[in-house]
Amino acid sequence: MSAPRARGARRVERLCHATGVLLVLSGLAHLVVFAVDGGPWDGPVSWRKPVTFGVSFGVTLIAVAWVTSYLRVGPRLRALLLVVLAADCVVEVGGITLQAWRGVPSHLDMETPFDTAVSMTLAVGGGVLVVLLTVFAVASFRHRPSGPAGMDLAVRSGFAVLLVALASGAAMIARGVVLTRTGHQEAAYHSTTPLKPLHGVSLHAVLVLPALAWLLSRTPWSEPLRRRILYAAIGSYVTAVIGAGVWAAFAY
């Protein structure tokens, strides 16, 4: 990579890191709001949503900006995808936070034209996330990721599990929209509950597994031992995802 392109890539990464940190801080700030204001933690209207979405989107954005540096993706394409990803994360968290302060549901709310616009914006934003992250996932399997020993396996495993999170998230939105459009608003709000554990568990594998590979590469342990630890971690993560999937299947 030429020096100008390298500097451009670093600027985009810094942008994503800074944006991710701000989203995480926004989530943590709303945890303080919840402690002061109270109210339910669960349900379609609660301070839980700006907290969990702010932290999750922020951490995911930071993780993807870092992990994609190991992928064989053109620097301009990667920079474009990351900028769109960062903007999409801001829109998603912003819409969810706005509706929390208005005291109305953020997703699947078609009660007023404004609420419908916010809900559909979030749904479209979710679709954009699916496309962007799928492109990165495909890139990780088309060409072997670079990095220290075990990073290729960790990155590919992380993106593979992330695809489960994307699929479960899309399923939640699709089923909720169908129920809303057919006049079952309350059922739509509760229809996402069975898939939430699966979605939450699988969402952050793209950070946890590569981070473990990076930490293991800094140890004096032999490569076979580091590989065994990484295999055990991947196996444990997959087991947790399967367990959440089985629970969702029975509870759906």
# chains A, B, ... in the order shown; residues from 1 in each chain; ligands from 1
>>> closest_atom_pairs(of="stretch 222-244 of chain A", to="stretch 147-171 of chain A", cutoff="9 Å", atoms="only C-alpha atoms", output="JSON lines")
{"residue": "A:Glu223", "atom": "CA", "partner": "A:Ala149", "partner_atom": "CA", "distance": 7.4}
{"residue": "A:Arg226", "atom": "CA", "partner": "A:Gly150", "partner_atom": "CA", "distance": 7.9}
{"residue": "A:Arg227", "atom": "CA", "partner": "A:Gly150", "partner_atom": "CA", "distance": 6.5}
{"residue": "A:Leu230", "atom": "CA", "partner": "A:Gly150", "partner_atom": "CA", "distance": 7.5}
{"residue": "A:Tyr231", "atom": "CA", "partner": "A:Leu153", "partner_atom": "CA", "distance": 8.9}
{"residue": "A:Ile234", "atom": "CA", "partner": "A:Ser157", "partner_atom": "CA", "distance": 7.2}
{"residue": "A:Tyr237", "atom": "CA", "partner": "A:Val161", "partner_atom": "CA", "distance": 8.6}
{"residue": "A:Val238", "atom": "CA", "partner": "A:Val161", "partner_atom": "CA", "distance": 7.6}
{"residue": "A:Val241", "atom": "CA", "partner": "A:Val161", "partner_atom": "CA", "distance": 8.0}
>>> write_last_selection(atoms="all heavy atoms", output="PDB file, in the first residue's frame")
ATOM      1  N   GLU A 223       3.475 -22.364  19.304  1.00  0.00           N
ATOM      2  CA  GLU A 223       2.359 -22.201  18.379  1.00  0.00           C
ATOM      3  C   GLU A 223       1.331 -23.319  18.506  1.00  0.00           C
ATOM      4  O   GLU A 223       0.116 -23.042  18.461  1.00  0.00           O
ATOM      5  CB  GLU A 223       2.860 -22.101  16.938  1.00  0.00           C
ATOM      6  CG  GLU A 223       1.735 -21.845  15.945  1.00  0.00           C
ATOM      7  CD  GLU A 223       2.231 -21.576  14.537  1.00  0.00           C
ATOM      8  OE1 GLU A 223       3.417 -21.210  14.383  1.00  0.00           O
ATOM      9  OE2 GLU A 223       1.433 -21.750  13.601  1.00  0.00           O
ATOM     10  N   ARG A 226      -0.853 -22.433  21.429  1.00  0.00           N
ATOM     11  CA  ARG A 226      -1.730 -21.297  21.114  1.00  0.00           C
ATOM     12  C   ARG A 226      -2.876 -21.733  20.207  1.00  0.00           C
ATOM     13  O   ARG A 226      -4.019 -21.293  20.372  1.00  0.00           O
ATOM     14  CB  ARG A 226      -0.924 -20.172  20.458  1.00  0.00           C
ATOM     15  CG  ARG A 226       0.137 -19.557  21.360  1.00  0.00           C
ATOM     16  CD  ARG A 226       0.580 -18.193  20.857  1.00  0.00           C
ATOM     17  NE  ARG A 226       1.112 -18.229  19.507  1.00  0.00           N
ATOM     18  CZ  ARG A 226       2.401 -18.369  19.206  1.00  0.00           C
ATOM     19  NH1 ARG A 226       3.292 -18.511  20.194  1.00  0.00           N
ATOM     20  NH2 ARG A 226       2.813 -18.362  17.960  1.00  0.00           N
ATOM     21  N   ARG A 227      -2.575 -22.616  19.271  1.00  0.00           N
ATOM     22  CA  ARG A 227      -3.617 -23.128  18.380  1.00  0.00           C
ATOM     23  C   ARG A 227      -4.665 -23.907  19.162  1.00  0.00           C
ATOM     24  O   ARG A 227      -5.877 -23.760  18.919  1.00  0.00           O
ATOM     25  CB  ARG A 227      -2.988 -24.021  17.306  1.00  0.00           C
ATOM     26  CG  ARG A 227      -2.289 -23.279  16.186  1.00  0.00           C
ATOM     27  CD  ARG A 227      -3.281 -22.894  15.113  1.00  0.00           C
ATOM     28  NE  ARG A 227      -2.631 -22.202  14.009  1.00  0.00           N
ATOM     29  CZ  ARG A 227      -3.269 -21.775  12.924  1.00  0.00           C
ATOM     30  NH1 ARG A 227      -4.569 -21.979  12.811  1.00  0.00           N
ATOM     31  NH2 ARG A 227      -2.627 -21.144  11.971  1.00  0.00           N
ATOM     32  N   LEU A 230      -6.890 -21.562  20.997  1.00  0.00           N
ATOM     33  CA  LEU A 230      -7.791 -20.877  20.071  1.00  0.00           C
ATOM     34  C   LEU A 230      -8.902 -21.812  19.599  1.00  0.00           C
ATOM     35  O   LEU A 230     -10.075 -21.419  19.529  1.00  0.00           O
ATOM     36  CB  LEU A 230      -7.007 -20.341  18.878  1.00  0.00           C
ATOM     37  CG  LEU A 230      -7.794 -19.479  17.875  1.00  0.00           C
ATOM     38  CD1 LEU A 230      -8.398 -18.266  18.578  1.00  0.00           C
ATOM     39  CD2 LEU A 230      -6.890 -19.026  16.734  1.00  0.00           C
ATOM     40  N   TYR A 231      -8.551 -23.052  19.283  1.00  0.00           N
ATOM     41  CA  TYR A 231      -9.566 -24.037  18.886  1.00  0.00           C
ATOM     42  C   TYR A 231     -10.587 -24.229  20.008  1.00  0.00           C
ATOM     43  O   TYR A 231     -11.800 -24.332  19.748  1.00  0.00           O
ATOM     44  CB  TYR A 231      -8.914 -25.375  18.559  1.00  0.00           C
ATOM     45  CG  TYR A 231      -8.212 -25.416  17.226  1.00  0.00           C
ATOM     46  CD1 TYR A 231      -6.967 -26.040  17.085  1.00  0.00           C
ATOM     47  CD2 TYR A 231      -8.788 -24.849  16.096  1.00  0.00           C
ATOM     48  CE1 TYR A 231      -6.317 -26.090  15.866  1.00  0.00           C
ATOM     49  CE2 TYR A 231      -8.143 -24.892  14.870  1.00  0.00           C
ATOM     50  CZ  TYR A 231      -6.903 -25.514  14.754  1.00  0.00           C
ATOM     51  OH  TYR A 231      -6.276 -25.554  13.550  1.00  0.00           O
ATOM     52  N   ILE A 234     -12.887 -21.186  20.128  1.00  0.00           N
ATOM     53  CA  ILE A 234     -13.846 -21.201  19.017  1.00  0.00           C
ATOM     54  C   ILE A 234     -14.924 -22.250  19.271  1.00  0.00           C
ATOM     55  O   ILE A 234     -16.119 -22.010  19.056  1.00  0.00           O
ATOM     56  CB  ILE A 234     -13.122 -21.466  17.689  1.00  0.00           C
ATOM     57  CG1 ILE A 234     -12.208 -20.284  17.342  1.00  0.00           C
ATOM     58  CG2 ILE A 234     -14.136 -21.698  16.560  1.00  0.00           C
ATOM     59  CD1 ILE A 234     -11.304 -20.543  16.151  1.00  0.00           C
ATOM     60  N   TYR A 237     -17.308 -20.967  21.836  1.00  0.00           N
ATOM     61  CA  TYR A 237     -18.179 -19.921  21.298  1.00  0.00           C
ATOM     62  C   TYR A 237     -19.267 -20.534  20.417  1.00  0.00           C
ATOM     63  O   TYR A 237     -20.445 -20.172  20.511  1.00  0.00           O
ATOM     64  CB  TYR A 237     -17.361 -18.912  20.491  1.00  0.00           C
ATOM     65  CG  TYR A 237     -17.893 -17.503  20.586  1.00  0.00           C
ATOM     66  CD1 TYR A 237     -17.194 -16.517  21.261  1.00  0.00           C
ATOM     67  CD2 TYR A 237     -19.123 -17.167  20.024  1.00  0.00           C
ATOM     68  CE1 TYR A 237     -17.688 -15.227  21.362  1.00  0.00           C
ATOM     69  CE2 TYR A 237     -19.635 -15.881  20.132  1.00  0.00           C
ATOM     70  CZ  TYR A 237     -18.908 -14.920  20.794  1.00  0.00           C
ATOM     71  OH  TYR A 237     -19.417 -13.645  20.909  1.00  0.00           O
ATOM     72  N   VAL A 238     -18.870 -21.478  19.578  1.00  0.00           N
ATOM     73  CA  VAL A 238     -19.849 -22.136  18.707  1.00  0.00           C
ATOM     74  C   VAL A 238     -20.879 -22.898  19.536  1.00  0.00           C
ATOM     75  O   VAL A 238     -22.077 -22.898  19.222  1.00  0.00           O
ATOM     76  CB  VAL A 238     -19.139 -23.072  17.713  1.00  0.00           C
ATOM     77  CG1 VAL A 238     -20.148 -23.933  16.951  1.00  0.00           C
ATOM     78  CG2 VAL A 238     -18.299 -22.261  16.734  1.00  0.00           C
ATOM     79  N   VAL A 241     -23.372 -20.469  20.837  1.00  0.00           N
ATOM     80  CA  VAL A 241     -24.280 -20.037  19.768  1.00  0.00           C
ATOM     81  C   VAL A 241     -25.309 -21.121  19.473  1.00  0.00           C
ATOM     82  O   VAL A 241     -26.505 -20.844  19.307  1.00  0.00           O
ATOM     83  CB  VAL A 241     -23.481 -19.681  18.502  1.00  0.00           C
ATOM     84  CG1 VAL A 241     -24.422 -19.458  17.313  1.00  0.00           C
ATOM     85  CG2 VAL A 241     -22.640 -18.431  18.738  1.00  0.00           C
TER      86      VAL A 241
END
>>> select_by_dssp(residues="stretch 41-243 of chain A", states="helix (DSSP H, G or I)", output="count of residues only")
163
>>> closest_atom_pairs(of="stretch 144-235 of chain A", to="stretch 70-86 of chain A", cutoff="8 Å", atoms="only C-alpha atoms", output="tab-separated table")
residue	atom	partner	partner_atom	distance
A:Arg144	CA	A:Leu71	CA	7.5
A:Pro145	CA	A:Leu71	CA	4.9
A:Ser146	CA	A:Tyr70	CA	5.0
A:Gly147	CA	A:Tyr70	CA	6.1
>>> residues_around(residues="stretch 49-59 of chain A", least_positions_apart="3", cutoff="6 Å", atoms="only C-alpha atoms", output="PyMOL selection string")
chain A and resi 20+23-24+27+30-31+62+93+97
>>> write_last_selection(atoms="N, CA and C atoms", output="PDB file, in the first residue's frame")
ATOM      1  N   GLY A  20     -16.885   4.961  17.322  1.00  0.00           N
ATOM      2  CA  GLY A  20     -17.237   3.842  18.190  1.00  0.00           C
ATOM      3  C   GLY A  20     -17.160   4.206  19.656  1.00  0.00           C
ATOM      4  N   LEU A  23     -20.141   6.290  20.594  1.00  0.00           N
ATOM      5  CA  LEU A  23     -21.354   5.485  20.718  1.00  0.00           C
ATOM      6  C   LEU A  23     -21.365   4.711  22.037  1.00  0.00           C
ATOM      7  N   VAL A  24     -20.205   4.162  22.411  1.00  0.00           N
ATOM      8  CA  VAL A  24     -20.111   3.454  23.686  1.00  0.00           C
ATOM      9  C   VAL A  24     -20.386   4.411  24.847  1.00  0.00           C
ATOM     10  N   GLY A  27     -24.013   5.064  25.156  1.00  0.00           N
ATOM     11  CA  GLY A  27     -24.696   3.967  25.831  1.00  0.00           C
ATOM     12  C   GLY A  27     -24.495   4.001  27.338  1.00  0.00           C
ATOM     13  N   HIS A  30     -26.504   6.679  29.069  1.00  0.00           N
ATOM     14  CA  HIS A  30     -27.917   6.336  29.265  1.00  0.00           C
ATOM     15  C   HIS A  30     -28.100   5.293  30.371  1.00  0.00           C
ATOM     16  N   LEU A  31     -27.031   4.599  30.711  1.00  0.00           N
ATOM     17  CA  LEU A  31     -27.102   3.738  31.888  1.00  0.00           C
ATOM     18  C   LEU A  31     -27.252   4.598  33.142  1.00  0.00           C
ATOM     19  N   ILE A  62     -15.700  -0.487  16.235  1.00  0.00           N
ATOM     20  CA  ILE A  62     -14.269  -0.503  16.546  1.00  0.00           C
ATOM     21  C   ILE A  62     -13.653  -1.833  16.136  1.00  0.00           C
ATOM     22  N   VAL A  93     -28.091   4.094  16.206  1.00  0.00           N
ATOM     23  CA  VAL A  93     -28.084   4.455  17.627  1.00  0.00           C
ATOM     24  C   VAL A  93     -28.836   5.770  17.844  1.00  0.00           C
ATOM     25  N   THR A  97     -32.039   6.102  20.272  1.00  0.00           N
ATOM     26  CA  THR A  97     -31.928   7.025  21.406  1.00  0.00           C
ATOM     27  C   THR A  97     -33.022   8.085  21.346  1.00  0.00           C
TER      28      THR A  97
END
>>> residues_around(residues="A:Ala187", least_positions_apart="6", cutoff="10 Å", atoms="only C-alpha atoms", output="PyMOL selection string")
chain A and resi 175-176+179-180
>>> closest_residue(among="A:Val45, A:Ala213, A:Val90, A:Ile173", to="A:Pro105", atoms="only C-alpha atoms")
A:Val45
>>> closest_residue(among="A:Cys89, A:Ala233, A:Val138, A:Ala174", to="A:Pro210", atoms="only C-alpha atoms")
A:Ala233
>>> atom_distance(atom1="atom CA of A:Pro194", atom2="atom CA of A:Tyr252")
5.6 Å
>>> closest_residue(among="A:Trp247, A:Trp214, A:Trp221, A:Tyr189", to="A:His107", atoms="only C-alpha atoms")
A:Tyr189
>>> closest_residue(among="A:Ser217, A:Ser69, A:Thr19, A:Thr60", to="A:His204", atoms="only C-alpha atoms")
A:Thr60
>>> closest_residue(among="A:Thr239, A:Arg181, A:Val64, A:Leu133", to="A:Thr116", atoms="only C-alpha atoms")
A:Arg181
>>> closest_residue(among="A:Phe34, A:Phe114, A:Trp66, A:Phe141", to="A:Trp47", atoms="only C-alpha atoms")
A:Phe34
>>> decode(residues="stretch 144-181 of chain A", atoms="N, CA and C atoms", output="PDB file, in the first residue's frame")
ATOM      1  N   ARG A 144      -7.050 -15.626   2.332  1.00  0.00           N
ATOM      2  CA  ARG A 144      -6.639 -15.875   3.715  1.00  0.00           C
ATOM      3  C   ARG A 144      -6.225 -14.571   4.396  1.00  0.00           C
ATOM      4  N   PRO A 145      -6.840 -14.257   5.541  1.00  0.00           N
ATOM      5  CA  PRO A 145      -6.450 -13.040   6.265  1.00  0.00           C
ATOM      6  C   PRO A 145      -4.996 -13.112   6.722  1.00  0.00           C
ATOM      7  N   SER A 146      -4.381 -11.939   6.812  1.00  0.00           N
ATOM      8  CA  SER A 146      -3.005 -11.851   7.276  1.00  0.00           C
ATOM      9  C   SER A 146      -2.983 -11.768   8.795  1.00  0.00           C
ATOM     10  N   GLY A 147      -1.803 -11.470   9.357  1.00  0.00           N
ATOM     11  CA  GLY A 147      -1.692 -11.309  10.799  1.00  0.00           C
ATOM     12  C   GLY A 147      -0.885 -12.405  11.448  1.00  0.00           C
ATOM     13  N   PRO A 148      -0.785 -12.355  12.758  1.00  0.00           N
ATOM     14  CA  PRO A 148      -0.010 -13.369  13.490  1.00  0.00           C
ATOM     15  C   PRO A 148      -0.650 -14.745  13.382  1.00  0.00           C
ATOM     16  N   ALA A 149       0.083 -15.755  13.820  1.00  0.00           N
ATOM     17  CA  ALA A 149      -0.394 -17.135  13.739  1.00  0.00           C
ATOM     18  C   ALA A 149      -1.752 -17.277  14.423  1.00  0.00           C
ATOM     19  N   GLY A 150      -2.691 -17.897  13.729  1.00  0.00           N
ATOM     20  CA  GLY A 150      -4.023 -18.111  14.263  1.00  0.00           C
ATOM     21  C   GLY A 150      -5.008 -17.005  13.956  1.00  0.00           C
ATOM     22  N   MET A 151      -4.515 -15.845  13.499  1.00  0.00           N
ATOM     23  CA  MET A 151      -5.423 -14.736  13.225  1.00  0.00           C
ATOM     24  C   MET A 151      -6.356 -15.064  12.058  1.00  0.00           C
ATOM     25  N   ASP A 152      -5.858 -15.776  11.060  1.00  0.00           N
ATOM     26  CA  ASP A 152      -6.718 -16.125   9.922  1.00  0.00           C
ATOM     27  C   ASP A 152      -7.914 -16.954  10.376  1.00  0.00           C
ATOM     28  N   LEU A 153      -7.661 -17.943  11.221  1.00  0.00           N
ATOM     29  CA  LEU A 153      -8.741 -18.783  11.735  1.00  0.00           C
ATOM     30  C   LEU A 153      -9.687 -17.979  12.618  1.00  0.00           C
ATOM     31  N   ALA A 154      -9.143 -17.105  13.450  1.00  0.00           N
ATOM     32  CA  ALA A 154      -9.970 -16.303  14.356  1.00  0.00           C
ATOM     33  C   ALA A 154     -10.857 -15.335  13.581  1.00  0.00           C
ATOM     34  N   VAL A 155     -10.291 -14.691  12.560  1.00  0.00           N
ATOM     35  CA  VAL A 155     -11.071 -13.733  11.770  1.00  0.00           C
ATOM     36  C   VAL A 155     -12.182 -14.442  11.013  1.00  0.00           C
ATOM     37  N   ARG A 156     -11.851 -15.545  10.372  1.00  0.00           N
ATOM     38  CA  ARG A 156     -12.870 -16.278   9.618  1.00  0.00           C
ATOM     39  C   ARG A 156     -13.956 -16.822  10.533  1.00  0.00           C
ATOM     40  N   SER A 157     -13.566 -17.352  11.689  1.00  0.00           N
ATOM     41  CA  SER A 157     -14.555 -17.859  12.636  1.00  0.00           C
ATOM     42  C   SER A 157     -15.421 -16.722  13.171  1.00  0.00           C
ATOM     43  N   GLY A 158     -14.796 -15.590  13.461  1.00  0.00           N
ATOM     44  CA  GLY A 158     -15.552 -14.448  13.961  1.00  0.00           C
ATOM     45  C   GLY A 158     -16.588 -13.958  12.980  1.00  0.00           C
ATOM     46  N   PHE A 159     -16.203 -13.873  11.698  1.00  0.00           N
ATOM     47  CA  PHE A 159     -17.158 -13.427  10.689  1.00  0.00           C
ATOM     48  C   PHE A 159     -18.228 -14.478  10.428  1.00  0.00           C
ATOM     49  N   ALA A 160     -17.865 -15.762  10.496  1.00  0.00           N
ATOM     50  CA  ALA A 160     -18.857 -16.817  10.304  1.00  0.00           C
ATOM     51  C   ALA A 160     -19.936 -16.742  11.379  1.00  0.00           C
ATOM     52  N   VAL A 161     -19.516 -16.560  12.634  1.00  0.00           N
ATOM     53  CA  VAL A 161     -20.486 -16.443  13.723  1.00  0.00           C
ATOM     54  C   VAL A 161     -21.268 -15.142  13.594  1.00  0.00           C
ATOM     55  N   LEU A 162     -20.608 -14.075  13.122  1.00  0.00           N
ATOM     56  CA  LEU A 162     -21.294 -12.804  12.933  1.00  0.00           C
ATOM     57  C   LEU A 162     -22.442 -12.940  11.932  1.00  0.00           C
ATOM     58  N   LEU A 163     -22.272 -13.790  10.929  1.00  0.00           N
ATOM     59  CA  LEU A 163     -23.351 -14.009   9.957  1.00  0.00           C
ATOM     60  C   LEU A 163     -24.597 -14.574  10.636  1.00  0.00           C
ATOM     61  N   VAL A 164     -24.398 -15.361  11.683  1.00  0.00           N
ATOM     62  CA  VAL A 164     -25.540 -15.869  12.456  1.00  0.00           C
ATOM     63  C   VAL A 164     -26.267 -14.711  13.126  1.00  0.00           C
ATOM     64  N   ALA A 165     -25.499 -13.760  13.669  1.00  0.00           N
ATOM     65  CA  ALA A 165     -26.106 -12.584  14.299  1.00  0.00           C
ATOM     66  C   ALA A 165     -26.895 -11.774  13.280  1.00  0.00           C
ATOM     67  N   LEU A 166     -26.336 -11.617  12.087  1.00  0.00           N
ATOM     68  CA  LEU A 166     -27.024 -10.858  11.043  1.00  0.00           C
ATOM     69  C   LEU A 166     -28.314 -11.555  10.628  1.00  0.00           C
ATOM     70  N   ALA A 167     -28.257 -12.881  10.480  1.00  0.00           N
ATOM     71  CA  ALA A 167     -29.444 -13.634  10.078  1.00  0.00           C
ATOM     72  C   ALA A 167     -30.533 -13.562  11.146  1.00  0.00           C
ATOM     73  N   SER A 168     -30.145 -13.697  12.412  1.00  0.00           N
ATOM     74  CA  SER A 168     -31.132 -13.632  13.487  1.00  0.00           C
ATOM     75  C   SER A 168     -31.721 -12.229  13.605  1.00  0.00           C
ATOM     76  N   GLY A 169     -30.882 -11.206  13.408  1.00  0.00           N
ATOM     77  CA  GLY A 169     -31.392  -9.841  13.445  1.00  0.00           C
ATOM     78  C   GLY A 169     -32.375  -9.572  12.321  1.00  0.00           C
ATOM     79  N   ALA A 170     -32.044 -10.050  11.114  1.00  0.00           N
ATOM     80  CA  ALA A 170     -32.955  -9.889   9.981  1.00  0.00           C
ATOM     81  C   ALA A 170     -34.264 -10.630  10.219  1.00  0.00           C
ATOM     82  N   ALA A 171     -34.180 -11.811  10.835  1.00  0.00           N
ATOM     83  CA  ALA A 171     -35.394 -12.585  11.126  1.00  0.00           C
ATOM     84  C   ALA A 171     -36.289 -11.851  12.112  1.00  0.00           C
ATOM     85  N   MET A 172     -35.682 -11.224  13.122  1.00  0.00           N
ATOM     86  CA  MET A 172     -36.471 -10.472  14.094  1.00  0.00           C
ATOM     87  C   MET A 172     -37.214  -9.321  13.434  1.00  0.00           C
ATOM     88  N   ILE A 173     -36.506  -8.579  12.585  1.00  0.00           N
ATOM     89  CA  ILE A 173     -37.127  -7.433  11.915  1.00  0.00           C
ATOM     90  C   ILE A 173     -38.225  -7.905  10.967  1.00  0.00           C
ATOM     91  N   ALA A 174     -37.945  -8.944  10.181  1.00  0.00           N
ATOM     92  CA  ALA A 174     -38.912  -9.424   9.197  1.00  0.00           C
ATOM     93  C   ALA A 174     -40.199  -9.897   9.861  1.00  0.00           C
ATOM     94  N   ARG A 175     -40.056 -10.716  10.908  1.00  0.00           N
ATOM     95  CA  ARG A 175     -41.255 -11.227  11.578  1.00  0.00           C
ATOM     96  C   ARG A 175     -42.019 -10.103  12.256  1.00  0.00           C
ATOM     97  N   GLY A 176     -41.295  -9.178  12.872  1.00  0.00           N
ATOM     98  CA  GLY A 176     -41.956  -8.068  13.536  1.00  0.00           C
ATOM     99  C   GLY A 176     -42.724  -7.184  12.571  1.00  0.00           C
ATOM    100  N   VAL A 177     -42.141  -6.913  11.402  1.00  0.00           N
ATOM    101  CA  VAL A 177     -42.816  -6.082  10.403  1.00  0.00           C
ATOM    102  C   VAL A 177     -44.080  -6.777   9.895  1.00  0.00           C
ATOM    103  N   VAL A 178     -43.994  -8.084   9.653  1.00  0.00           N
ATOM    104  CA  VAL A 178     -45.172  -8.831   9.192  1.00  0.00           C
ATOM    105  C   VAL A 178     -46.286  -8.755  10.222  1.00  0.00           C
ATOM    106  N   LEU A 179     -45.971  -8.967  11.488  1.00  0.00           N
ATOM    107  CA  LEU A 179     -46.984  -8.906  12.542  1.00  0.00           C
ATOM    108  C   LEU A 179     -47.575  -7.507  12.665  1.00  0.00           C
ATOM    109  N   THR A 180     -46.721  -6.490  12.532  1.00  0.00           N
ATOM    110  CA  THR A 180     -47.213  -5.117  12.616  1.00  0.00           C
ATOM    111  C   THR A 180     -48.152  -4.802  11.467  1.00  0.00           C
ATOM    112  N   ARG A 181     -47.763  -5.210  10.265  1.00  0.00           N
ATOM    113  CA  ARG A 181     -48.571  -4.920   9.086  1.00  0.00           C
ATOM    114  C   ARG A 181     -49.899  -5.663   9.100  1.00  0.00           C
TER     115      ARG A 181
END
